[in-house]
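Accompanying notes for the structure given below.
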Amino acid sequence: MRLLQLALCSVALGGCTAIVDHFSFQDLDAGVEGRDGGMEDGGRADAGLRDAGDPGVDSGPADAGQDAGQEDAGPGDPCDTLDCPWGCSAGACVEPSEIVAGGAHSCVVLSTDATRCWGKNTDGRLGDGSFADSSSPVTVMGLPAHRSLSLGGGHSCAVRPSGETLCWGLNLFGQLGDGSTEDANAPQLVSGLSSADVVSAGAFHTCAVLRSGAVRCWGQNDKGGLGNGTTTGTTTPNPEPVAVMDISDAVSVATGSGFSCALRSGGTVSCWGWNEFGQLGDGTTVMWSTTPTDVVGLSGVDQVVAGGWHACARIGGDVRCWGRNDSGQLGTTLFGAIEREPVDVSGITDAVDIAAGGAHTCALRATGQVVCWGSNDLGQVGDGTDVDPRPTRREVVGLTGIVAIDSLANHTCAADGGEVWCWGSNEFGQLGSAVVASSNEPLLVMP
C-alpha cells in the first residue's frame, strides 16, 4: 500500500568473528563493536556508483540535491503562496508517499520519487554519500522511482521498477548482496537479481521476492535465515543471493532477527530460520529450520510482518501474532509467555496495516488511529507514558487521519498524507527531531 505501499518489514556482538546468538532489533541502537568501523565508525570511503547510464548506478553527488525542494517559477508561481513542509513542485505541495522505519534510521519517499532519510549513518545507511548522522532528512543518492523500499538493522534496500535491487549501509555479513562485505554509503547493485518485485531488509540478512514468486536471500545465515537448507553465512558470509527452498508462490517476504517469513499466494505463511522463541509459528521447539515450514492455522492472510523475536499476520482486520512475548509484543493476556503458534490480538477487528518493532507492535485502524503494545522503555508505544511494558494495546496520542505506519527496533513512524510523525528511541536522530532524546509521544519530522 504506497503510503500506501506496506513496507514489510535483528545486539550486542562481542566481535566481528563472533556468532550473533541473541540479537534483537530492539538492541540495534547499541551498535556493533569489534570490527573496523562496525556500526559506529562506518566502513570504506564513498561507495558511490559511476555512471548514470548504467543500471543500478549512481549519477554521483551532483544529483543528490535533486530533491523535492521549493521550485520557483518566478512571479505568480503558486508555490510562493503554499505552505509546503516537504517542498513544492509544479505548483503543488510535495507529499510523503511512503514511510519506512529502520534500526536507528527512517526514510520517506516523496511524491516526486525522491527518497529522504535521517538518523544513524556511521555505516552509510542513509545513502547520501556520507557517514555523518543526521537528525534532518537527507537525500539518497541515485535512487529515482522504485517499487519497494525496506530498512533493516543497519542497511537499506530498494527495488527499481526494472526489477533490479539496490542496497546500502552496513555490510558485515554481506547483507548488501553486492559480492563484498564492505559498507556502502550509496546504493549498490545486488548481484544476480534482475526480476525482483519486493525486498525486505532484516537485521543482518535480506530477502527479495521475484516476479516468478520465488524468493532469494543473502547475508547472515547462522540460524538458517536464508532458507537454502544450510547454516553457512556467518563466518563465511553469503554476499550474493541464494534460492529459498520449496517456495515458488510468494507474494511478500518479511525478515526479522535471524528468521524470515513469506506470505504465499494462497493466503498461508511459511517461515524459516531461528526458532528459539517460536518465531516460525510452526508449533515446534526446534532451535531453527534451514527450510520453510508452515505457520500453524493461518489462512486468508493479507499481510505478514517480522519483529525482533516475533511475527504478526493481518487477516482482514484481525491481527494474530506468535513468538516471544517478554514485553507483551504479542498483545495477549499471556504476558511473558512464548507462543509457538499464532494467538489473537484482542480488541482489534479493523486493522488496515500492522508493523513490528524489536519488542513492540503497532496497528493502524480503519479510523486512522494507531494503537501499539509491548516494550515501552523508550516510549515505543507512544501513549505519552513511561509505563513499561504495555502488554495491552494503547492508543498513540495525538494522531488522526494516519494512512501508513512502520516500525523497527525501538521506534515507529506514521504519515497522514502530508506530515510524518515518529516516536520512541531518538539516540541517533531517527525521529527526525533535533532533540536527541526518546519521546513517548509522536514528534513531527522537520524536513
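Chains: A, B, ... in order of the C-alpha cells. Residues: from 1 per chain. Ligands: from 1, in order shown.
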(request) Identify, on the basis of only C-alpha atoms, every residue whose closest approach to A:Val445 does not exceed 8 Å; exclude the query and any residue fewer than 3 positions from it along the same chain; express the result as a PyMOL selection string. (result) chain A and resi 136+419-422+431-433
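Proximity ranking of A:Gly368, A:Gly102, A:Gly153, A:Pro144 relative to A:Gly417 places A:Gly368 first, based on only C-alpha atoms.
By chain and then residue number, the residues within 6 Å of stretch 341-348 of chain A are Gly281, Gly283, Val296, Asp318, Val319, Arg320, Cys321, Trp322, Gly331 and Thr332 of chain A, counting only C-alpha atoms and disregarding those fewer than 6 positions away in sequence.
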(request) Rank nothing, just name the residue among A:Asn171, A:Asp386, A:Gly418, A:Asp353 nearest to A:Ser111, using only C-alpha atoms. (result)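 Among the listed residues, the smallest separation from A:Ser111 belongs to A:Gly418.
Coordinates place atom CA of A:Pro137 at a distance of 17.3 Å from atom CA of A:Ala437.
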(request) Would you list the contacts of stretch 197-211 of chain A as a VMD selection string, taking every protein, DNA or RNA residue within 6 Å and counting only C-alpha atoms, but skipping same-chain residues closer than 5 positions in sequence? (result) chain A and resid 9 to 10 148 150 to 153 175 216 to 220 254 to 257
(request) Using only C-alpha atoms, pick whichever of A:Ser180, A:Thr290, A:Ser135, A:Asn440 has the shortest atom-to-atom distance to A:Thr385. (result)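 Comparing A:Ser180, A:Thr290, A:Ser135, A:Asn440 against A:Thr385, the winner is A:Asn440.
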